[in-house]
$ cat run_34.pdb   # PDB, C-alpha atoms
ATOM      1  CA  MET O   5      -5.317  92.681  38.446
ATOM      2  CA  ALA O   6      -1.842  92.542  36.955
ATOM      3  CA  ILE O   7       1.704  92.570  38.258
ATOM      4  CA  THR O   8       5.027  93.589  36.878
ATOM      5  CA  ASN O   9       8.385  92.668  38.335
ATOM      6  CA  SER O  10      11.873  94.024  37.805
ATOM      7  CA  GLU O  11      15.351  93.477  39.147
ATOM      8  CA  VAL O  12      16.902  96.867  39.843
ATOM      9  CA  ASN O  13      20.590  97.736  39.908
ATOM     10  CA  GLY O  14      20.791 101.489  39.443
ATOM     11  CA  THR O  15      17.656 103.312  38.283
ATOM     12  CA  VAL O  16      14.729 101.615  36.507
ATOM     13  CA  ASP O  17      11.228 102.663  35.483
ATOM     14  CA  VAL O  18       9.339  99.624  36.766
ATOM     15  CA  LEU O  19       5.845 100.543  35.498
ATOM     16  CA  THR O  20       4.817 102.977  32.748
ATOM     17  CA  VAL O  21       1.177 103.603  31.878
ATOM     18  CA  PRO O  22       0.560 103.374  28.117
ATOM     19  CA  ALA O  23      -1.389 105.979  26.123
ATOM     20  CA  GLY O  24      -5.129 105.873  26.673
ATOM     21  CA  LYS O  25      -4.882 103.932  29.950
ATOM     22  CA  SER O  26      -5.035 104.636  33.693
ATOM     23  CA  TYR O  27      -3.715 102.315  36.407
ATOM     24  CA  ALA O  28      -4.387 102.111  40.129
ATOM     25  CA  VAL O  29      -1.289 100.797  41.889
ATOM     26  CA  THR O  30      -2.473  98.592  44.752
ATOM     27  CA  SER O  31       0.895  97.594  46.207
ATOM     28  CA  ILE O  32       4.633  97.849  45.700
ATOM     29  CA  LEU O  33       6.990  95.277  47.233
ATOM     30  CA  ILE O  34      10.736  95.906  47.230
ATOM     31  CA  THR O  35      13.079  93.113  48.346
ATOM     32  CA  ASN O  36      16.827  93.099  48.873
ATOM     33  CA  VAL O  37      17.882  89.892  47.095
ATOM     34  CA  GLY O  38      21.067  89.581  49.143
ATOM     35  CA  PRO O  39      21.363  87.364  52.223
ATOM     36  CA  GLU O  40      20.821  88.588  55.772
ATOM     37  CA  ALA O  41      24.025  89.945  57.317
ATOM     38  CA  SER O  42      24.245  91.302  60.871
ATOM     39  CA  ASP O  43      27.243  93.468  59.947
ATOM     40  CA  GLY O  44      25.277  95.403  57.289
ATOM     41  CA  SER O  45      27.479  94.191  54.449
ATOM     42  CA  GLU O  46      24.444  93.145  52.376
ATOM     43  CA  ASP O  47      22.436  96.358  52.886
ATOM     44  CA  SER O  48      21.059  98.372  49.975
ATOM     45  CA  ASN O  49      19.160 101.638  49.789
ATOM     46  CA  PHE O  50      16.334 102.668  47.501
ATOM     47  CA  THR O  51      14.377 105.754  46.509
ATOM     48  CA  LEU O  52      10.874 105.426  45.066
ATOM     49  CA  TYR O  53       9.216 107.929  42.721
ATOM     50  CA  ALA O  54       5.711 108.333  41.262
ATOM     51  CA  VAL O  55       6.246 110.513  38.200
ATOM     52  CA  THR O  56       3.503 112.487  36.489
ATOM     53  CA  GLY O  57       4.428 114.551  33.457
ATOM     54  CA  SER O  58       8.123 115.366  33.509
ATOM     55  CA  TYR O  59      10.493 113.852  36.063
ATOM     56  CA  SER O  60      11.507 115.965  39.052
ATOM     57  CA  SER O  61      13.303 114.047  41.782
ATOM     58  CA  ASN O  62      12.025 116.127  44.697
ATOM     59  CA  ALA O  63       8.459 116.588  43.428
ATOM     60  CA  SER O  64       8.065 112.910  42.485
ATOM     61  CA  MET O  65       9.689 111.251  45.513
ATOM     62  CA  ILE O  66       7.600 108.880  47.659
ATOM     63  CA  VAL O  67      10.389 107.203  49.669
ATOM     64  CA  ASN O  68      13.807 108.819  50.125
ATOM     65  CA  ASN O  69      16.953 106.682  50.355
ATOM     66  CA  ALA O  70      15.410 104.003  52.591
ATOM     67  CA  LEU O  71      17.745 101.403  54.075
ATOM     68  CA  LEU O  72      16.842  97.847  53.081
ATOM     69  CA  PRO O  73      18.939  95.204  54.877
ATOM     70  CA  GLY O  74      19.775  91.922  53.160
ATOM     71  CA  ALA O  75      16.807  89.522  52.789
ATOM     72  CA  GLU O  76      14.304  92.201  53.916
ATOM     73  CA  THR O  77      11.175  93.439  52.115
ATOM     74  CA  PHE O  78       9.545  96.891  52.107
ATOM     75  CA  THR O  79       5.800  97.005  51.384
ATOM     76  CA  LEU O  80       3.803 100.032  50.236
ATOM     77  CA  ASP O  81       0.133  99.055  50.288
ATOM     78  CA  THR O  82      -1.788 101.378  52.605
ATOM     79  CA  GLU O  83      -2.679 103.936  49.920
ATOM     80  CA  LYS O  84      -3.539 103.445  46.268
ATOM     81  CA  ILE O  85      -1.701 105.479  43.637
ATOM     82  CA  VAL O  86      -3.647 106.341  40.483
ATOM     83  CA  LEU O  87      -1.493 106.928  37.416
ATOM     84  CA  GLY O  88      -2.604 108.359  34.075
ATOM     85  CA  ALA O  89      -1.225 107.834  30.576
ATOM     86  CA  GLY O  90       2.528 108.475  30.494
ATOM     87  CA  ASP O  91       2.957 108.399  34.276
ATOM     88  CA  PHE O  92       5.440 105.934  35.740
ATOM     89  CA  ILE O  93       6.938 104.391  38.863
ATOM     90  CA  ARG O  94      10.726 104.716  39.112
ATOM     91  CA  VAL O  95      13.060 103.003  41.583
ATOM     92  CA  ALA O  96      16.668 103.988  42.224
ATOM     93  CA  GLN O  97      18.911 101.519  44.076
ATOM     94  CA  SER O  98      22.334 101.907  45.644
ATOM     95  CA  GLY O  99      24.388  99.526  47.740
ATOM     96  CA  ASN O 100      25.772  96.030  47.516
ATOM     97  CA  ASN O 101      22.794  94.088  46.174
ATOM     98  CA  ASN O 102      20.182  94.343  43.489
ATOM     99  CA  ILE O 103      16.617  94.736  44.615
ATOM    100  CA  SER O 104      13.516  93.021  43.310
ATOM    101  CA  VAL O 105      10.467  95.231  42.733
ATOM    102  CA  VAL O 106       6.941  93.873  42.291
ATOM    103  CA  VAL O 107       4.118  96.282  41.433
ATOM    104  CA  SER O 108       0.507  95.169  41.584
ATOM    105  CA  TYR O 109      -1.999  97.310  39.678
ATOM    106  CA  LEU O 110      -5.475  97.481  38.181
ATOM    107  CA  GLU O 111      -6.569  99.177  34.987
ATOM    108  CA  VAL O 112      -9.185 101.805  35.832
TER     109      VAL O 112
END
$ encode --input "run_34.pdb" --output "structure tokens"
Amino acid sequence: MAITNSEVNGTVDVLTVPAGKSYAVTSILITNVGPEASDGSEDSNFTLYAVTGSYSSNASMIVNNALLPGAETFTLDTEKIVLGAGDFIRVAQSGNNNISVVVSYLEV
């Protein structure tokens, strides 16, 4: 098993499968690195994509503009995502804070 981690401010491809490989994504954790704030001032939003072939925002979207309050973590681990060569996981962030993205995967 391997992991990759990225700090996202804007849009980042957090995992790309190299030629000749296939990966099974076992979990994705997305954390708002800002502090907790009851007034929402540290909130961020994110959209998550699993892209096969060419990028299409609507066809590739897994999570759409989810609210992530400061110091909170979103976990996607109930289903496995199998990616082939050239496929990738993209995260787009908006809001006050960067987000941390950790992807756990296996080569299959």
$ resolve_selection --input "run_34.pdb" --expression "the PyMOL selection byres ((chain O and resi 18) around 12)" --output "MDAnalysis selection string"
chainID O and resid 7:17 19:21 29 32:34 52:55 91:96 103:109
$ atom_distance --input "run_34.pdb" --atom1 "atom CA of O:Ser31" --atom2 "atom CA of O:Met65"
16.3 Å
$ atom_distance --input "run_34.pdb" --atom1 "atom CA of O:Ala89" --atom2 "atom CA of O:Ala6"
16.6 Å
$ closest_atom_pairs --input "run_34.pdb" --of "stretch 8-53 of chain O" --to "stretch 75-83 of chain O" --cutoff "12 Å" --atoms "only C-alpha atoms" --output "JSON lines"
{"residue": "O:Ala28", "atom": "CA", "partner": "O:Glu83", "partner_atom": "CA", "distance": 10.1}
{"residue": "O:Val29", "atom": "CA", "partner": "O:Asp81", "partner_atom": "CA", "distance": 8.7}
{"residue": "O:Thr30", "atom": "CA", "partner": "O:Asp81", "partner_atom": "CA", "distance": 6.1}
{"residue": "O:Ser31", "atom": "CA", "partner": "O:Asp81", "partner_atom": "CA", "distance": 4.4}
{"residue": "O:Ile32", "atom": "CA", "partner": "O:Leu80", "partner_atom": "CA", "distance": 5.1}
{"residue": "O:Leu33", "atom": "CA", "partner": "O:Thr79", "partner_atom": "CA", "distance": 4.7}
{"residue": "O:Ile34", "atom": "CA", "partner": "O:Phe78", "partner_atom": "CA", "distance": 5.1}
{"residue": "O:Thr35", "atom": "CA", "partner": "O:Thr77", "partner_atom": "CA", "distance": 4.2}
{"residue": "O:Asn36", "atom": "CA", "partner": "O:Ala75", "partner_atom": "CA", "distance": 5.3}
{"residue": "O:Val37", "atom": "CA", "partner": "O:Ala75", "partner_atom": "CA", "distance": 5.8}
{"residue": "O:Gly38", "atom": "CA", "partner": "O:Ala75", "partner_atom": "CA", "distance": 5.6}
{"residue": "O:Pro39", "atom": "CA", "partner": "O:Ala75", "partner_atom": "CA", "distance": 5.1}
{"residue": "O:Glu40", "atom": "CA", "partner": "O:Ala75", "partner_atom": "CA", "distance": 5.1}
{"residue": "O:Ala41", "atom": "CA", "partner": "O:Ala75", "partner_atom": "CA", "distance": 8.5}
{"residue": "O:Ser42", "atom": "CA", "partner": "O:Ala75", "partner_atom": "CA", "distance": 11.1}
{"residue": "O:Gly44", "atom": "CA", "partner": "O:Ala75", "partner_atom": "CA", "distance": 11.3}
{"residue": "O:Ser45", "atom": "CA", "partner": "O:Ala75", "partner_atom": "CA", "distance": 11.8}
{"residue": "O:Glu46", "atom": "CA", "partner": "O:Ala75", "partner_atom": "CA", "distance": 8.5}
{"residue": "O:Asp47", "atom": "CA", "partner": "O:Ala75", "partner_atom": "CA", "distance": 8.9}
{"residue": "O:Ser48", "atom": "CA", "partner": "O:Glu76", "partner_atom": "CA", "distance": 10.0}
{"residue": "O:Asn49", "atom": "CA", "partner": "O:Phe78", "partner_atom": "CA", "distance": 11.0}
{"residue": "O:Phe50", "atom": "CA", "partner": "O:Phe78", "partner_atom": "CA", "distance": 10.0}
{"residue": "O:Thr51", "atom": "CA", "partner": "O:Phe78", "partner_atom": "CA", "distance": 11.5}
{"residue": "O:Leu52", "atom": "CA", "partner": "O:Leu80", "partner_atom": "CA", "distance": 10.3}
$ closest_residue --input "run_34.pdb" --among "O:Asp43, O:Ser26, O:Gly99, O:Leu110" --to "O:Leu72" --atoms "only C-alpha atoms"
O:Gly99
$ atom_distance --input "run_34.pdb" --atom1 "atom CA of O:Asn68" --atom2 "atom CA of O:Ser98"
11.9 Å
$ closest_residue --input "run_34.pdb" --among "O:Gln97, O:Ile85, O:Gly90, O:Tyr27" --to "O:Tyr59" --atoms "all atoms listed in the file"
O:Gly90
$ closest_residue --input "run_34.pdb" --among "O:Ser61, O:Met5, O:Asn102, O:Pro22" --to "O:Gly74" --atoms "all atoms listed in the file"
O:Asn102
